[in-house]
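Below is one structure; the comments refer to it alone.
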Amino acid sequence: MTKEEKIEEAATEEVTVAEEVTEEVEEVTELEALRQELEAAKAQAAEYLDGWQRARAEFANYKKRNEQERQELFKLANSTLISRLLPIFDDFERAFQTLPRNLLSLTWIDGVALIYRRLQAILDGEGLTPMETEGQSFDPLVHEAVTYEESAEYQEGQIIGEVQRGYKLGDRVLRPALVRVAKGRPASEAEEGEGSVQQRVS
């Protein structure tokens, strides 16, 4: 092999090595570009997933709010109707309390009583409950004071009697109870009472 042939062969080898190195560099660069594209695609997919999950949660919350509003509207309409029926219910109760005994055996009275019981069953089924007032302390959230009366038998602020029954619909006060409330005796009367007790003791 001549010197020129050796030089030419060496040059060819150098070119081949250079081409191989260039190919490897291009492959590394292409691989790096693919990695970057993959990372970008992953980030975009995560962003889309996060947005989709947020939109799904917002829609679920919207549906819940919508259902709650619908139920509240239904309850409001229900409570309006029931509050309009309460005076009729009161009239039935007053009528039965003042009914003469000689009329109790009549069959039409049984019919009216049946209507009253059916009305009561419907109201109970809707969640209407009467408030207890007997022996309770006055609470302005559920009671409405008609009168304040001096009483030796009851403590101040205690309910003496009920003028009109109060009702709750579920946990909400539909109609406050109208009540008579005990108040303390004036100081002069209280002192007189104590003086007379002391005189009796001595």
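Labels used: A, B, ... for chains in the order of the structure tokens, numbers from 1 for residues in each chain, and numbers from 1 for ligands as shown.
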Excluding region 93-96 of chain A and any residue of its chain fewer than 4 positions from it, enumerate the residues within 9 Å of it, using only C-alpha atoms, and give them as an mmCIF file with C-alpha atoms, in the first residue's frame.
```cif
data_model
loop_
_atom_site.group_PDB
_atom_site.id
_atom_site.type_symbol
_atom_site.label_atom_id
_atom_site.label_comp_id
_atom_site.auth_asym_id
_atom_site.auth_seq_id
_atom_site.Cartn_x
_atom_site.Cartn_y
_atom_site.Cartn_z
ATOM 1 C CA ILE A 88 -108.450 26.234 60.849
ATOM 2 C CA PHE A 89 -106.723 23.639 63.023
ATOM 3 C CA PRO A 100 -121.742 20.492 74.722
ATOM 4 C CA ALA A 113 -113.762 14.621 64.482
ATOM 5 C CA TYR A 116 -109.922 16.948 62.354
#
```
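Between CA of Gly184 (chain A) and CA of Ala152 (chain A) there is a distance of 8.2 Å.
The nearest approach to Lys75 (chain A) among the residues A:Ser151, A:Ala60, A:Ile159, A:Leu128, with only C-alpha atoms taken into account, belongs to A:Leu128.
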Can you list, as a PyMOL selection string, all residues belonging to chain A that DSSP tags as alpha helix (DSSP H)?
-> chain A and resi 3-97+107-125+187-201
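Atom pair CA of Asn102 (chain A) / CA of Asp90 (chain A): separated by 22.5 Å.
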How far is it from CA of Tyr154 (chain A) to CA of Leu178 (chain A), in Å with one decimal?
-> 17.5 Å
Can you tell me, as an NGL selection string, what residues are no more than 12 Å from Gly170 (chain A) when counting only C-alpha atoms, ignoring any on the same chain fewer than 3 positions away?
-> :A and (75-76 or 78-79 or 123-131 or 167 or 173-174)
Residues from last step as file, N, CA and C atoms, as a compact mmCIF listing (two decimals), in the first residue's frame:
```txt
# COMPACT_ATOMS: atom_id res chain seq x y z
N LYS A 75 -89.78 23.59 50.95
CA LYS A 75 -90.10 23.76 52.38
C LYS A 75 -90.82 25.08 52.62
N LEU A 76 -90.35 26.13 51.94
CA LEU A 76 -90.96 27.45 52.10
C LEU A 76 -92.41 27.43 51.64
N ASN A 78 -94.28 24.81 51.42
CA ASN A 78 -94.97 23.93 52.37
C ASN A 78 -95.31 24.68 53.65
N SER A 79 -94.33 25.41 54.18
CA SER A 79 -94.55 26.13 55.44
C SER A 79 -95.61 27.22 55.28
N LEU A 123 -100.68 17.08 58.88
CA LEU A 123 -99.74 18.06 59.42
C LEU A 123 -98.58 17.38 60.15
N ASP A 124 -98.90 16.32 60.90
CA ASP A 124 -97.84 15.56 61.57
C ASP A 124 -96.90 14.93 60.55
N GLY A 125 -97.48 14.42 59.46
CA GLY A 125 -96.68 13.79 58.41
C GLY A 125 -95.74 14.78 57.72
N GLU A 126 -96.11 16.05 57.71
CA GLU A 126 -95.26 17.08 57.11
C GLU A 126 -94.18 17.57 58.07
N GLY A 127 -94.18 17.04 59.31
CA GLY A 127 -93.14 17.42 60.28
C GLY A 127 -93.55 18.52 61.23
N LEU A 128 -94.85 18.81 61.31
CA LEU A 128 -95.33 19.84 62.23
C LEU A 128 -95.42 19.27 63.63
N THR A 129 -94.82 19.96 64.60
CA THR A 129 -94.87 19.51 66.00
C THR A 129 -95.26 20.68 66.89
N PRO A 130 -96.17 20.44 67.86
CA PRO A 130 -96.54 21.52 68.79
C PRO A 130 -95.42 21.76 69.80
N MET A 131 -95.31 23.00 70.26
CA MET A 131 -94.29 23.35 71.26
C MET A 131 -94.84 23.12 72.66
N TYR A 167 -96.00 26.22 67.03
CA TYR A 167 -95.63 25.02 66.26
C TYR A 167 -94.26 25.19 65.63
N VAL A 173 -89.09 27.40 63.75
CA VAL A 173 -90.32 27.87 64.38
C VAL A 173 -91.25 28.38 63.28
N LEU A 174 -92.42 27.74 63.18
CA LEU A 174 -93.40 28.16 62.18
C LEU A 174 -94.31 29.25 62.76
```
Which of region 80-166 of chain A fall in strand (DSSP E or B), as an mmCIF file with N, CA and C atoms, in the first residue's frame:
```cif
data_model
loop_
_atom_site.group_PDB
_atom_site.id
_atom_site.type_symbol
_atom_site.label_atom_id
_atom_site.label_comp_id
_atom_site.auth_asym_id
_atom_site.auth_seq_id
_atom_site.Cartn_x
_atom_site.Cartn_y
_atom_site.Cartn_z
ATOM 1 N N LEU A 128 -94.845 18.808 61.308
ATOM 2 C CA LEU A 128 -95.331 19.842 62.225
ATOM 3 C C LEU A 128 -95.422 19.273 63.632
ATOM 4 N N THR A 129 -94.817 19.961 64.600
ATOM 5 C CA THR A 129 -94.868 19.510 65.999
ATOM 6 C C THR A 129 -95.257 20.684 66.893
ATOM 7 N N PRO A 130 -96.171 20.444 67.862
ATOM 8 C CA PRO A 130 -96.542 21.518 68.791
ATOM 9 C C PRO A 130 -95.416 21.762 69.803
ATOM 10 N N SER A 137 -89.457 28.025 80.859
ATOM 11 C CA SER A 137 -89.035 29.420 80.996
ATOM 12 C C SER A 137 -89.295 30.134 79.683
ATOM 13 N N HIS A 143 -91.282 31.830 71.955
ATOM 14 C CA HIS A 143 -92.505 32.286 72.628
ATOM 15 C C HIS A 143 -92.734 33.774 72.358
ATOM 16 N N GLU A 144 -93.991 34.152 72.440
ATOM 17 C CA GLU A 144 -94.352 35.565 72.339
ATOM 18 C C GLU A 144 -95.226 35.881 73.546
ATOM 19 N N ALA A 145 -94.771 36.821 74.371
ATOM 20 C CA ALA A 145 -95.493 37.140 75.600
ATOM 21 C C ALA A 145 -96.696 38.022 75.285
ATOM 22 N N VAL A 146 -97.869 37.570 75.758
ATOM 23 C CA VAL A 146 -99.093 38.360 75.600
ATOM 24 C C VAL A 146 -99.249 39.272 76.808
ATOM 25 N N THR A 147 -99.020 38.712 78.002
ATOM 26 C CA THR A 147 -99.088 39.498 79.239
ATOM 27 C C THR A 147 -97.982 39.057 80.196
ATOM 28 N N TYR A 148 -97.613 39.978 81.084
ATOM 29 C CA TYR A 148 -96.720 39.676 82.204
ATOM 30 C C TYR A 148 -97.549 39.856 83.462
ATOM 31 N N GLU A 149 -97.674 38.792 84.259
ATOM 32 C CA GLU A 149 -98.553 38.826 85.425
ATOM 33 C C GLU A 149 -97.776 38.491 86.686
ATOM 34 N N GLU A 150 -98.140 39.200 87.753
ATOM 35 C CA GLU A 150 -97.535 38.890 89.046
ATOM 36 C C GLU A 150 -98.089 37.566 89.544
ATOM 37 N N GLN A 158 -91.164 32.541 84.188
ATOM 38 C CA GLN A 158 -91.751 31.225 83.906
ATOM 39 C C GLN A 158 -93.118 31.411 83.243
ATOM 40 N N ILE A 159 -93.466 30.482 82.360
ATOM 41 C CA ILE A 159 -94.741 30.584 81.641
ATOM 42 C C ILE A 159 -95.882 30.136 82.543
ATOM 43 N N ILE A 160 -96.885 31.010 82.686
ATOM 44 C CA ILE A 160 -98.055 30.710 83.512
ATOM 45 C C ILE A 160 -99.074 29.911 82.705
ATOM 46 N N GLY A 161 -99.310 30.335 81.472
ATOM 47 C CA GLY A 161 -100.309 29.663 80.652
ATOM 48 C C GLY A 161 -100.120 29.961 79.175
ATOM 49 N N GLU A 162 -100.779 29.145 78.363
ATOM 50 C CA GLU A 162 -100.674 29.273 76.912
ATOM 51 C C GLU A 162 -101.967 29.870 76.360
ATOM 52 N N VAL A 163 -101.853 30.938 75.567
ATOM 53 C CA VAL A 163 -103.010 31.573 74.948
ATOM 54 C C VAL A 163 -103.252 30.953 73.571
ATOM 55 N N GLN A 164 -102.159 30.724 72.831
ATOM 56 C CA GLN A 164 -102.257 30.074 71.511
ATOM 57 C C GLN A 164 -101.034 29.169 71.335
#
```
